[in-house]
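Trainee: So I've got this file, entry_25.cif, and it contains mmCIF, C-alpha atoms; chains and numbers go by the auth columns:
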```cif
data_model
#
loop_
_atom_site.group_PDB
_atom_site.id
_atom_site.type_symbol
_atom_site.label_atom_id
_atom_site.label_comp_id
_atom_site.label_asym_id
_atom_site.label_seq_id
_atom_site.Cartn_x
_atom_site.Cartn_y
_atom_site.Cartn_z
_atom_site.B_iso_or_equiv
_atom_site.auth_seq_id
_atom_site.auth_asym_id
ATOM 1 C CA MET A 1 0.000 0.000 0.000 0.00 174 A
ATOM 2 C CA ALA A 2 1.431 3.323 -0.982 0.00 175 A
ATOM 3 C CA VAL A 3 -0.540 6.538 -0.864 0.00 176 A
ATOM 4 C CA ARG A 4 1.258 9.872 -0.665 0.00 177 A
ATOM 5 C CA VAL A 5 -0.328 13.299 -0.441 0.00 178 A
ATOM 6 C CA GLN A 6 2.144 16.169 -0.533 0.00 179 A
ATOM 7 C CA SER A 7 2.528 19.802 -1.570 0.00 180 A
ATOM 8 C CA GLN A 8 6.038 19.597 -2.945 0.00 181 A
ATOM 9 C CA PRO A 9 6.790 18.613 -6.571 0.00 182 A
ATOM 10 C CA PHE A 10 7.836 15.051 -7.332 0.00 183 A
ATOM 11 C CA ASP A 11 10.412 13.614 -9.713 0.00 184 A
ATOM 12 C CA LEU A 12 8.496 11.365 -12.083 0.00 185 A
ATOM 13 C CA GLY A 13 11.597 9.528 -13.277 0.00 186 A
ATOM 14 C CA ALA A 14 12.869 8.876 -9.770 0.00 187 A
ATOM 15 C CA GLU A 15 9.425 7.749 -8.594 0.00 188 A
ATOM 16 C CA ALA A 16 8.950 5.428 -11.563 0.00 189 A
ATOM 17 C CA ASN A 17 12.438 3.950 -11.181 0.00 190 A
ATOM 18 C CA ALA A 18 12.056 3.374 -7.451 0.00 191 A
ATOM 19 C CA PHE A 19 8.646 1.793 -8.029 0.00 192 A
ATOM 20 C CA ALA A 20 10.004 -0.512 -10.747 0.00 193 A
ATOM 21 C CA ALA A 21 13.042 -1.464 -8.668 0.00 194 A
ATOM 22 C CA ALA A 22 10.818 -2.572 -5.789 0.00 195 A
ATOM 23 C CA GLN A 23 8.923 -5.101 -7.945 0.00 196 A
ATOM 24 C CA LYS A 24 10.427 -8.556 -7.610 0.00 197 A
ATOM 25 C CA GLY A 25 9.777 -11.905 -9.202 0.00 198 A
ATOM 26 C CA ASP A 26 7.240 -12.188 -11.965 0.00 199 A
ATOM 27 C CA MET A 27 5.947 -8.631 -12.241 0.00 200 A
ATOM 28 C CA GLY A 28 6.220 -8.246 -16.005 0.00 201 A
ATOM 29 C CA ALA A 29 4.225 -5.048 -16.440 0.00 202 A
ATOM 30 C CA ILE A 30 4.438 -1.603 -14.887 0.00 203 A
ATOM 31 C CA VAL A 31 2.102 1.206 -15.911 0.00 204 A
ATOM 32 C CA THR A 32 2.422 4.815 -14.814 0.00 205 A
ATOM 33 C CA PHE A 33 0.027 7.694 -15.424 0.00 206 A
ATOM 34 C CA THR A 34 0.837 11.337 -14.727 0.00 207 A
ATOM 35 C CA GLY A 35 -1.611 14.241 -14.499 0.00 208 A
ATOM 36 C CA VAL A 36 -0.330 17.669 -15.542 0.00 209 A
ATOM 37 C CA VAL A 37 -1.716 21.182 -14.996 0.00 210 A
ATOM 38 C CA ARG A 38 -3.159 22.255 -18.334 0.00 211 A
ATOM 39 C CA ASP A 39 -4.179 25.674 -19.530 0.00 212 A
ATOM 40 C CA VAL A 40 -7.542 24.923 -21.114 0.00 213 A
ATOM 41 C CA ALA A 41 -8.864 28.386 -21.934 0.00 214 A
ATOM 42 C CA GLY A 42 -5.587 30.321 -22.070 0.00 215 A
ATOM 43 C CA GLY A 43 -4.320 32.728 -19.449 0.00 216 A
ATOM 44 C CA LEU A 44 -4.023 30.240 -16.594 0.00 217 A
ATOM 45 C CA GLN A 45 -1.524 31.530 -14.057 0.00 218 A
ATOM 46 C CA ALA A 46 -1.870 28.918 -11.378 0.00 219 A
ATOM 47 C CA MET A 47 -3.865 25.885 -10.332 0.00 220 A
ATOM 48 C CA GLU A 48 -4.673 25.616 -6.652 0.00 221 A
ATOM 49 C CA ILE A 49 -5.668 22.277 -5.200 0.00 222 A
ATOM 50 C CA GLU A 50 -7.440 22.050 -1.864 0.00 223 A
ATOM 51 C CA HIS A 51 -7.936 18.750 -0.076 0.00 224 A
ATOM 52 C CA TYR A 52 -9.383 17.267 3.101 0.00 225 A
ATOM 53 C CA PRO A 53 -6.433 16.043 5.187 0.00 226 A
ATOM 54 C CA GLY A 54 -7.227 12.702 6.738 0.00 227 A
ATOM 55 C CA MET A 55 -10.141 11.840 4.484 0.00 228 A
ATOM 56 C CA THR A 56 -7.925 12.160 1.407 0.00 229 A
ATOM 57 C CA GLU A 57 -5.494 9.496 2.584 0.00 230 A
ATOM 58 C CA ARG A 58 -8.367 7.328 3.767 0.00 231 A
ATOM 59 C CA ALA A 59 -10.274 7.579 0.447 0.00 232 A
ATOM 60 C CA LEU A 60 -7.158 6.870 -1.617 0.00 233 A
ATOM 61 C CA ALA A 61 -6.291 3.838 0.521 0.00 234 A
ATOM 62 C CA GLN A 62 -9.840 2.520 0.025 0.00 235 A
ATOM 63 C CA ILE A 63 -9.601 2.993 -3.746 0.00 236 A
ATOM 64 C CA GLU A 64 -6.240 1.239 -3.769 0.00 237 A
ATOM 65 C CA ALA A 65 -7.656 -1.662 -1.730 0.00 238 A
ATOM 66 C CA GLN A 66 -10.498 -2.037 -4.243 0.00 239 A
ATOM 67 C CA ALA A 67 -7.997 -2.231 -7.092 0.00 240 A
ATOM 68 C CA HIS A 68 -6.109 -4.996 -5.277 0.00 241 A
ATOM 69 C CA GLU A 69 -9.367 -6.921 -4.892 0.00 242 A
ATOM 70 C CA ARG A 70 -10.244 -6.661 -8.570 0.00 243 A
ATOM 71 C CA TRP A 71 -6.903 -7.265 -10.278 0.00 244 A
ATOM 72 C CA ALA A 72 -3.843 -9.404 -9.621 0.00 245 A
ATOM 73 C CA LEU A 73 -1.430 -6.628 -8.771 0.00 246 A
ATOM 74 C CA GLY A 74 1.975 -6.183 -7.273 0.00 247 A
ATOM 75 C CA ASP A 75 2.508 -2.753 -5.745 0.00 248 A
ATOM 76 C CA VAL A 76 0.360 0.300 -6.333 0.00 249 A
ATOM 77 C CA LEU A 77 1.449 3.912 -5.868 0.00 250 A
ATOM 78 C CA ILE A 78 -0.914 6.867 -5.710 0.00 251 A
ATOM 79 C CA LEU A 79 0.839 10.221 -5.320 0.00 252 A
ATOM 80 C CA HIS A 80 -1.230 13.421 -5.379 0.00 253 A
ATOM 81 C CA ARG A 81 -0.167 16.995 -4.717 0.00 254 A
ATOM 82 C CA TYR A 82 -2.092 19.869 -3.181 0.00 255 A
ATOM 83 C CA GLY A 83 -1.394 23.596 -3.005 0.00 256 A
ATOM 84 C CA ARG A 84 -0.496 26.002 -5.783 0.00 257 A
ATOM 85 C CA MET A 85 0.968 24.816 -9.100 0.00 258 A
ATOM 86 C CA GLN A 86 1.991 26.418 -12.371 0.00 259 A
ATOM 87 C CA PRO A 87 0.836 25.267 -15.829 0.00 260 A
ATOM 88 C CA ASP A 88 2.784 22.195 -16.981 0.00 261 A
ATOM 89 C CA GLU A 89 3.631 21.138 -13.430 0.00 262 A
ATOM 90 C CA MET A 90 2.828 17.563 -12.510 0.00 263 A
ATOM 91 C CA ILE A 91 -0.185 17.236 -10.203 0.00 264 A
ATOM 92 C CA MET A 92 -0.300 13.530 -9.520 0.00 265 A
ATOM 93 C CA MET A 93 0.750 10.082 -10.626 0.00 266 A
ATOM 94 C CA VAL A 94 -0.328 6.498 -10.244 0.00 267 A
ATOM 95 C CA ALA A 95 1.790 3.418 -10.834 0.00 268 A
ATOM 96 C CA THR A 96 0.645 -0.184 -10.981 0.00 269 A
ATOM 97 C CA ALA A 97 2.610 -3.411 -11.262 0.00 270 A
ATOM 98 C CA ALA A 98 1.195 -6.724 -12.426 0.00 271 A
ATOM 99 C CA ARG A 99 2.269 -9.941 -14.072 0.00 272 A
ATOM 100 C CA HIS A 100 0.466 -8.925 -17.259 0.00 273 A
ATOM 101 C CA ARG A 101 -0.113 -5.558 -18.852 0.00 274 A
ATOM 102 C CA ARG A 102 -3.899 -5.775 -19.034 0.00 275 A
ATOM 103 C CA ASP A 103 -4.215 -5.897 -15.243 0.00 276 A
ATOM 104 C CA ALA A 104 -1.732 -3.054 -14.853 0.00 277 A
ATOM 105 C CA PHE A 105 -3.470 -0.822 -17.437 0.00 278 A
ATOM 106 C CA GLU A 106 -6.990 -1.527 -16.228 0.00 279 A
ATOM 107 C CA ALA A 107 -6.089 -1.008 -12.574 0.00 280 A
ATOM 108 C CA ALA A 108 -4.403 2.311 -13.424 0.00 281 A
ATOM 109 C CA GLU A 109 -7.525 3.496 -15.268 0.00 282 A
ATOM 110 C CA PHE A 110 -9.740 2.363 -12.401 0.00 283 A
ATOM 111 C CA LEU A 111 -7.591 4.276 -9.901 0.00 284 A
ATOM 112 C CA MET A 112 -7.769 7.404 -12.046 0.00 285 A
ATOM 113 C CA ASP A 113 -11.523 7.208 -12.580 0.00 286 A
ATOM 114 C CA TYR A 114 -12.191 6.766 -8.877 0.00 287 A
ATOM 115 C CA LEU A 115 -9.771 9.274 -7.504 0.00 288 A
ATOM 116 C CA LYS A 116 -11.113 11.982 -9.840 0.00 289 A
ATOM 117 C CA SER A 117 -14.541 11.938 -8.274 0.00 290 A
ATOM 118 C CA ARG A 118 -14.216 10.049 -4.968 0.00 291 A
ATOM 119 C CA ALA A 119 -11.083 11.486 -3.380 0.00 292 A
ATOM 120 C CA PRO A 120 -11.613 14.885 -1.714 0.00 293 A
ATOM 121 C CA PHE A 121 -9.587 17.218 -3.933 0.00 294 A
ATOM 122 C CA TRP A 122 -10.876 20.464 -5.446 0.00 295 A
ATOM 123 C CA LYS A 123 -9.190 22.473 -8.185 0.00 296 A
ATOM 124 C CA LYS A 124 -9.298 26.236 -8.505 0.00 297 A
ATOM 125 C CA GLU A 125 -7.997 28.009 -11.608 0.00 298 A
ATOM 126 C CA HIS A 126 -6.355 31.396 -11.212 0.00 299 A
ATOM 127 C CA THR A 127 -6.025 33.784 -14.162 0.00 300 A
ATOM 128 C CA SER A 128 -4.955 37.424 -14.088 0.00 301 A
ATOM 129 C CA ASP A 129 -8.503 38.577 -13.431 0.00 302 A
ATOM 130 C CA SER A 130 -10.387 35.640 -11.951 0.00 303 A
ATOM 131 C CA ALA A 131 -10.247 32.632 -9.652 0.00 304 A
ATOM 132 C CA ASP A 132 -12.797 29.913 -10.338 0.00 305 A
ATOM 133 C CA TRP A 133 -13.453 26.502 -8.853 0.00 306 A
ATOM 134 C CA VAL A 134 -13.375 23.817 -11.522 0.00 307 A
ATOM 135 C CA ALA A 135 -16.808 22.219 -11.927 0.00 308 A
ATOM 136 C CA ALA A 136 -17.068 18.443 -11.771 0.00 309 A
ATOM 137 C CA ARG A 137 -17.910 16.926 -15.140 0.00 310 A
ATOM 138 C CA ASP A 138 -20.731 14.466 -15.711 0.00 311 A
ATOM 139 C CA GLU A 139 -18.364 12.334 -17.789 0.00 312 A
ATOM 140 C CA ASP A 140 -16.170 11.803 -14.736 0.00 313 A
ATOM 141 C CA GLU A 141 -19.102 10.498 -12.717 0.00 314 A
ATOM 142 C CA ASP A 142 -20.312 8.409 -15.678 0.00 315 A
ATOM 143 C CA ALA A 143 -16.847 6.880 -16.010 0.00 316 A
ATOM 144 C CA LEU A 144 -17.406 5.018 -12.733 0.00 317 A
ATOM 145 C CA THR A 145 -20.309 3.024 -14.140 0.00 318 A
ATOM 146 C CA ARG A 146 -18.043 0.986 -16.384 0.00 319 A
ATOM 147 C CA TRP A 147 -16.374 -0.590 -13.352 0.00 320 A
ATOM 148 C CA MET B 1 -23.757 16.804 21.171 0.00 272 B
ATOM 149 C CA THR B 2 -20.925 18.802 19.645 0.00 273 B
ATOM 150 C CA ILE B 3 -19.889 18.034 16.083 0.00 274 B
ATOM 151 C CA ASP B 4 -16.948 19.448 14.163 0.00 275 B
ATOM 152 C CA VAL B 5 -18.362 20.794 10.909 0.00 276 B
ATOM 153 C CA LEU B 6 -15.891 21.330 8.062 0.00 277 B
ATOM 154 C CA TYR B 7 -16.327 23.228 4.801 0.00 278 B
ATOM 155 C CA PHE B 8 -14.210 22.971 1.667 0.00 279 B
ATOM 156 C CA ALA B 9 -13.738 24.813 -1.643 0.00 280 B
ATOM 157 C CA TRP B 10 -16.576 27.251 -2.500 0.00 281 B
ATOM 158 C CA VAL B 11 -18.635 26.092 0.478 0.00 282 B
ATOM 159 C CA ARG B 12 -15.799 27.249 2.745 0.00 283 B
ATOM 160 C CA GLU B 13 -15.561 30.559 0.882 0.00 284 B
ATOM 161 C CA ARG B 14 -19.306 31.182 0.947 0.00 285 B
ATOM 162 C CA ILE B 15 -19.644 30.464 4.656 0.00 286 B
ATOM 163 C CA GLY B 16 -16.405 32.230 5.441 0.00 287 B
ATOM 164 C CA LEU B 17 -14.669 29.690 7.643 0.00 288 B
ATOM 165 C CA PRO B 18 -13.040 26.276 7.255 0.00 289 B
ATOM 166 C CA ARG B 19 -14.468 24.581 10.338 0.00 290 B
ATOM 167 C CA GLU B 20 -16.475 25.183 13.462 0.00 291 B
ATOM 168 C CA ALA B 21 -17.792 23.256 16.441 0.00 292 B
ATOM 169 C CA VAL B 22 -21.578 23.005 16.277 0.00 293 B
ATOM 170 C CA GLU B 23 -23.795 22.154 19.220 0.00 294 B
ATOM 171 C CA THR B 24 -26.750 20.261 17.793 0.00 295 B
ATOM 172 C CA GLN B 25 -29.486 17.746 18.477 0.00 296 B
ATOM 173 C CA ALA B 26 -29.846 16.889 14.777 0.00 297 B
ATOM 174 C CA GLU B 27 -30.423 13.208 14.106 0.00 298 B
ATOM 175 C CA THR B 28 -29.501 13.298 10.433 0.00 299 B
ATOM 176 C CA VAL B 29 -27.253 15.313 8.141 0.00 300 B
ATOM 177 C CA ALA B 30 -30.373 16.880 6.599 0.00 301 B
ATOM 178 C CA GLN B 31 -31.525 18.134 10.018 0.00 302 B
ATOM 179 C CA LEU B 32 -28.079 19.597 10.656 0.00 303 B
ATOM 180 C CA VAL B 33 -28.286 21.367 7.287 0.00 304 B
ATOM 181 C CA ASP B 34 -31.678 22.825 8.248 0.00 305 B
ATOM 182 C CA GLU B 35 -30.214 24.151 11.504 0.00 306 B
ATOM 183 C CA LEU B 36 -27.271 25.714 9.704 0.00 307 B
ATOM 184 C CA ARG B 37 -29.507 27.260 7.012 0.00 308 B
ATOM 185 C CA ALA B 38 -31.587 28.945 9.702 0.00 309 B
ATOM 186 C CA ARG B 39 -28.537 30.664 11.213 0.00 310 B
ATOM 187 C CA GLU B 40 -27.628 33.300 8.644 0.00 311 B
ATOM 188 C CA GLU B 41 -27.965 34.152 5.001 0.00 312 B
ATOM 189 C CA ARG B 42 -24.448 32.960 4.129 0.00 313 B
ATOM 190 C CA TYR B 43 -25.365 29.486 5.341 0.00 314 B
ATOM 191 C CA ALA B 44 -28.690 29.572 3.519 0.00 315 B
ATOM 192 C CA LEU B 45 -26.835 30.498 0.325 0.00 316 B
ATOM 193 C CA ALA B 46 -24.192 27.802 0.732 0.00 317 B
ATOM 194 C CA PHE B 47 -26.837 25.135 1.324 0.00 318 B
ATOM 195 C CA ALA B 48 -29.371 26.433 -1.211 0.00 319 B
ATOM 196 C CA ASP B 49 -28.951 23.505 -3.612 0.00 320 B
ATOM 197 C CA LEU B 50 -28.032 20.216 -1.958 0.00 321 B
ATOM 198 C CA SER B 51 -27.677 18.509 -5.343 0.00 322 B
ATOM 199 C CA ALA B 52 -24.539 20.664 -5.790 0.00 323 B
ATOM 200 C CA LEU B 53 -23.077 19.409 -2.507 0.00 324 B
ATOM 201 C CA ARG B 54 -21.532 16.253 -1.143 0.00 325 B
ATOM 202 C CA VAL B 55 -21.245 15.254 2.509 0.00 326 B
ATOM 203 C CA ALA B 56 -18.875 13.078 4.491 0.00 327 B
ATOM 204 C CA VAL B 57 -19.520 11.832 8.027 0.00 328 B
ATOM 205 C CA ASP B 58 -16.362 10.913 9.925 0.00 329 B
ATOM 206 C CA GLN B 59 -14.451 11.067 6.630 0.00 330 B
ATOM 207 C CA ASP B 60 -16.660 8.661 4.690 0.00 331 B
ATOM 208 C CA LEU B 61 -18.837 9.900 1.826 0.00 332 B
ATOM 209 C CA THR B 62 -22.505 9.461 2.614 0.00 333 B
ATOM 210 C CA GLU B 63 -25.993 10.778 1.805 0.00 334 B
ATOM 211 C CA PHE B 64 -27.928 13.665 3.314 0.00 335 B
ATOM 212 C CA ASP B 65 -30.355 11.317 5.034 0.00 336 B
ATOM 213 C CA ALA B 66 -27.495 9.617 6.921 0.00 337 B
ATOM 214 C CA PRO B 67 -27.839 9.418 10.726 0.00 338 B
ATOM 215 C CA LEU B 68 -25.538 11.482 12.941 0.00 339 B
ATOM 216 C CA ALA B 69 -25.579 9.225 16.007 0.00 340 B
ATOM 217 C CA GLY B 70 -22.021 9.027 17.320 0.00 341 B
ATOM 218 C CA ALA B 71 -20.634 11.263 14.575 0.00 342 B
ATOM 219 C CA ARG B 72 -17.665 13.458 15.467 0.00 343 B
ATOM 220 C CA GLU B 73 -17.012 15.199 12.167 0.00 344 B
ATOM 221 C CA VAL B 74 -19.238 16.248 9.265 0.00 345 B
ATOM 222 C CA ALA B 75 -17.827 17.837 6.118 0.00 346 B
ATOM 223 C CA PHE B 76 -19.654 19.665 3.316 0.00 347 B
ATOM 224 C CA PHE B 77 -18.088 20.279 -0.081 0.00 348 B
ATOM 225 C CA PRO B 78 -18.789 20.441 -3.818 0.00 349 B
ATOM 226 C CA PRO B 79 -18.314 17.414 -6.096 0.00 350 B
ATOM 227 C CA MET B 80 -14.647 16.483 -6.144 0.00 351 B
ATOM 228 C CA THR B 81 -12.280 17.385 -8.967 0.00 352 B
ATOM 229 C CA GLY B 82 -9.031 15.541 -8.334 0.00 353 B
ATOM 230 C CA GLY B 83 -6.695 13.835 -10.750 0.00 354 B
#
```
What is this file in structure tokens?
Mentor:
Amino acid sequence: MAVRVQSQPFDLGAEANAFAAAQKGDMGAIVTFTGVVRDVAGGLQAMEIEHYPGMTERALAQIEAQAHERWALGDVLILHRYGRMQPDEMIMMVATAARHRRDAFEAAEFLMDYLKSRAPFWKKEHTSDSADWVAARDEDEDALTRW
Amino acid sequence: MTIDVLYFAWVRERIGLPREAVETQAETVAQLVDELRAREERYALAFADLSALRVAVDQDLTEFDAPLAGAREVAFFPPMTGG
């Protein structure tokens, strides 16, 4: 079980290498996904992410436990930042290890779908003249139905 | 009983504070919401449309008809936008 919630940036290469190095035996597949701050409308100066300390870690651990129940996995890493970030900064990553790639890919997608709308994070976009909370999208809620 | 009530994102901004201790006899989340709404306009505004809100009791997502017996912490917030 590995869930990390932190404000400071992370080194994707170092995280991915450390994750891969910890997998022993017959783990033939490792998938990583990384979420990046994107400037959708133009003019984004910063993305601020608020979270609910305590519940965040608890919700992520529950989502990770569900993934372990559904797929034959080795380790799982969920790393998510909070605080203020610039465009192009990395917000979060997940990594999954499995014997076969299908389990690793599917589990990574499952983790992403669930953490988007079940882990208590909220994004706020700051431009030069506004600061707006990002609205949840129906597609994100709908994405859960496929699991 | 005294319950810690927490607010996040625009709910926090609308009400103007991140958390407060609330003395209440409410038996469900919905009753607690009614008590809060009756306090002041800023609460009434924040809780105007419950379909735009989510609630967690003791850090587990739940529904507005959930019981509050034994609850220590209730949090109100908009739908989550992580990832």
Trainee: Taking only C-alpha atoms into account, what are the residues of chain A at most 8 Å from chain B, put as a PDB file with C-alpha atoms, in the coordinates of the input?
Mentor:
```pdb
ATOM      1  CA  GLY A 208      -1.611  14.241 -14.499  1.00  0.00           C
ATOM      2  CA  GLU A 223      -7.440  22.050  -1.864  1.00  0.00           C
ATOM      3  CA  HIS A 224      -7.936  18.750  -0.076  1.00  0.00           C
ATOM      4  CA  TYR A 225      -9.383  17.267   3.101  1.00  0.00           C
ATOM      5  CA  GLY A 227      -7.227  12.702   6.738  1.00  0.00           C
ATOM      6  CA  MET A 228     -10.141  11.840   4.484  1.00  0.00           C
ATOM      7  CA  ARG A 231      -8.367   7.328   3.767  1.00  0.00           C
ATOM      8  CA  ALA A 232     -10.274   7.579   0.447  1.00  0.00           C
ATOM      9  CA  HIS A 253      -1.230  13.421  -5.379  1.00  0.00           C
ATOM     10  CA  ILE A 264      -0.185  17.236 -10.203  1.00  0.00           C
ATOM     11  CA  MET A 265      -0.300  13.530  -9.520  1.00  0.00           C
ATOM     12  CA  MET A 285      -7.769   7.404 -12.046  1.00  0.00           C
ATOM     13  CA  LEU A 288      -9.771   9.274  -7.504  1.00  0.00           C
ATOM     14  CA  LYS A 289     -11.113  11.982  -9.840  1.00  0.00           C
ATOM     15  CA  SER A 290     -14.541  11.938  -8.274  1.00  0.00           C
ATOM     16  CA  ARG A 291     -14.216  10.049  -4.968  1.00  0.00           C
ATOM     17  CA  ALA A 292     -11.083  11.486  -3.380  1.00  0.00           C
ATOM     18  CA  PRO A 293     -11.613  14.885  -1.714  1.00  0.00           C
ATOM     19  CA  PHE A 294      -9.587  17.218  -3.933  1.00  0.00           C
ATOM     20  CA  TRP A 295     -10.876  20.464  -5.446  1.00  0.00           C
ATOM     21  CA  LYS A 296      -9.190  22.473  -8.185  1.00  0.00           C
ATOM     22  CA  TRP A 306     -13.453  26.502  -8.853  1.00  0.00           C
ATOM     23  CA  VAL A 307     -13.375  23.817 -11.522  1.00  0.00           C
ATOM     24  CA  ALA A 308     -16.808  22.219 -11.927  1.00  0.00           C
ATOM     25  CA  ALA A 309     -17.068  18.443 -11.771  1.00  0.00           C
TER      26      ALA A 309
END
```
Trainee: Box for stretch 289-302 of chain B: with edges along x, y and z, all listed atoms inside and 3 Å added on each side, what are the centre and edge lengths in Å to one decimal, as AutoDock Vina command-line options?
Mentor:
```
--center_x -22.3 --center_y 19.7 --center_z 12.9 --size_x 24.5 --size_y 19.1 --size_z 18.6
```
Trainee: Applied to this file, what does the PyMOL selection byres ((chain A and resi 209) around 8) return in terms of residues, put as a PDB file with C-alpha atoms, in the frame of the given file?
Mentor:
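And here is the file that came out, result_16.pdb:
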```pdb
ATOM      1  CA  THR A 207       0.837  11.337 -14.727  1.00  0.00           C
ATOM      2  CA  GLY A 208      -1.611  14.241 -14.499  1.00  0.00           C
ATOM      3  CA  VAL A 210      -1.716  21.182 -14.996  1.00  0.00           C
ATOM      4  CA  ARG A 211      -3.159  22.255 -18.334  1.00  0.00           C
ATOM      5  CA  PRO A 260       0.836  25.267 -15.829  1.00  0.00           C
ATOM      6  CA  ASP A 261       2.784  22.195 -16.981  1.00  0.00           C
ATOM      7  CA  GLU A 262       3.631  21.138 -13.430  1.00  0.00           C
ATOM      8  CA  MET A 263       2.828  17.563 -12.510  1.00  0.00           C
ATOM      9  CA  ILE A 264      -0.185  17.236 -10.203  1.00  0.00           C
ATOM     10  CA  MET A 265      -0.300  13.530  -9.520  1.00  0.00           C
TER      11      MET A 265
END
```
Trainee: For the structure shown, which residues end up in the PyMOL selection byres ((chain B and resi 301-311) around 10)? Put them as a ChimeraX atom specification, please?
Mentor: /B:274,276,286,293-300,312-319,321,334-339,345,347
Trainee: Restricting the output to C-alpha atoms, write the selected residues as a PDB file, in the coordinates of the input.
Mentor:
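Listing of again25.pdb after writing:
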```pdb
ATOM      1  CA  ILE B 274     -19.889  18.034  16.083  1.00  0.00           C
ATOM      2  CA  VAL B 276     -18.362  20.794  10.909  1.00  0.00           C
ATOM      3  CA  ILE B 286     -19.644  30.464   4.656  1.00  0.00           C
ATOM      4  CA  VAL B 293     -21.578  23.005  16.277  1.00  0.00           C
ATOM      5  CA  GLU B 294     -23.795  22.154  19.220  1.00  0.00           C
ATOM      6  CA  THR B 295     -26.750  20.261  17.793  1.00  0.00           C
ATOM      7  CA  GLN B 296     -29.486  17.746  18.477  1.00  0.00           C
ATOM      8  CA  ALA B 297     -29.846  16.889  14.777  1.00  0.00           C
ATOM      9  CA  GLU B 298     -30.423  13.208  14.106  1.00  0.00           C
ATOM     10  CA  THR B 299     -29.501  13.298  10.433  1.00  0.00           C
ATOM     11  CA  VAL B 300     -27.253  15.313   8.141  1.00  0.00           C
ATOM     12  CA  GLU B 312     -27.965  34.152   5.001  1.00  0.00           C
ATOM     13  CA  ARG B 313     -24.448  32.960   4.129  1.00  0.00           C
ATOM     14  CA  TYR B 314     -25.365  29.486   5.341  1.00  0.00           C
ATOM     15  CA  ALA B 315     -28.690  29.572   3.519  1.00  0.00           C
ATOM     16  CA  LEU B 316     -26.835  30.498   0.325  1.00  0.00           C
ATOM     17  CA  ALA B 317     -24.192  27.802   0.732  1.00  0.00           C
ATOM     18  CA  PHE B 318     -26.837  25.135   1.324  1.00  0.00           C
ATOM     19  CA  ALA B 319     -29.371  26.433  -1.211  1.00  0.00           C
ATOM     20  CA  LEU B 321     -28.032  20.216  -1.958  1.00  0.00           C
ATOM     21  CA  GLU B 334     -25.993  10.778   1.805  1.00  0.00           C
ATOM     22  CA  PHE B 335     -27.928  13.665   3.314  1.00  0.00           C
ATOM     23  CA  ASP B 336     -30.355  11.317   5.034  1.00  0.00           C
ATOM     24  CA  ALA B 337     -27.495   9.617   6.921  1.00  0.00           C
ATOM     25  CA  PRO B 338     -27.839   9.418  10.726  1.00  0.00           C
ATOM     26  CA  LEU B 339     -25.538  11.482  12.941  1.00  0.00           C
ATOM     27  CA  VAL B 345     -19.238  16.248   9.265  1.00  0.00           C
ATOM     28  CA  PHE B 347     -19.654  19.665   3.316  1.00  0.00           C
TER      29      PHE B 347
END
```
Trainee: Rank nothing, just name the residue among A:Glu314, A:His299, A:Arg319, A:Glu237 nearest to A:Ala280, using all atoms listed in the file.
Mentor: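 Of A:Glu314, A:His299, A:Arg319, A:Glu237, the one nearest A:Ala280, counting all atoms listed in the file, is A:Glu237.
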Trainee: Would you mind reading off the distance between atom CA of B:Arg285 and atom CA of B:Leu324, one decimal, in Å?
Mentor: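 Calculated distance between atom CA of B:Arg285 and atom CA of B:Leu324 is 12.8 Å.
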Trainee: What separation in Å, quoted to one decimal, exists between atom CA of A:Met220 and atom CA of B:Arg283?
Mentor: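 About the pair atom CA of A:Met220 and atom CA of B:Arg283: they are 17.8 Å apart.
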Trainee: Choose the residue, out of A:Gly198, A:Leu317, A:Phe206, A:Met266, that has the smallest atom-to-atom separation from A:Phe183; count all atoms listed in the file.
Mentor: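 For A:Phe183, the nearest of the candidates is A:Met266.
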Trainee: Quick one: distance from atom CA of A:Glu282 to atom CA of A:Gly216 in Å, one decimal?
Mentor: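 Interatomic distance, atom CA of A:Glu282 to atom CA of A:Gly216: 29.7 Å.
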Trainee: Residues within 8 Å of A:Arg257, please, as a list in words. Count all atoms listed in the file; anything in the same chain fewer than 5 positions from it doesn't count.
Mentor: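 Near A:Arg257, the qualifying residues are Ala219, Met220, Glu221 and Ile222 of chain A.
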Trainee: Closest to A:Asp276 among A:Glu298, A:Asp305, A:Glu242, A:Asp311, using all atoms listed in the file?
Mentor: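 The closest residue to A:Asp276 is A:Glu242.
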Trainee: Name the residues in contact with A:Arg243 at a cut-off of 12 Å, using only C-alpha atoms, excluding same-chain residues fewer than 4 positions from it; report them as a list of chain:residue names.
Mentor: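 Skipping anything fewer than 4 positions along the chain leaves A:Ile236, A:Glu237, A:Ala238, A:Gln239, A:Asp276, A:Ala277, A:Glu279, A:Ala280, A:Ala281, A:Phe283, A:Leu284, A:Trp320.
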Trainee: I'd like the neighbourhood of A:Thr269 as a PyMOL selection string, where a residue qualifies if any of its atoms comes within 6 Å (using all atoms listed in the file), though same-chain residues fewer than 6 positions away should be ignored.
Mentor: chain A and resi 203-204+249+277
Trainee: Taking the file as I've supplied it (selection: the PyMOL selection byres ((chain A and resi 199) around 12)), which residues are included? Please answer as a list in words.
Mentor: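 Applying the PyMOL selection byres ((chain A and resi 199) around 12) to the structure shown produces Ala195, Gln196, Lys197, Gly198, Met200, Gly201, Ala202, Ile203, Ala245, Leu246, Gly247, Ala270, Ala271, Arg272 and His273 of chain A.
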Trainee: Which residues, protein or nucleic acid, reach to within 7 Å of (-13.3, 23.9, 12.3) in the file's coordinates when using only C-alpha atoms, and can you give that as number ranges by chain?
Mentor: B: 275-277, 289-292
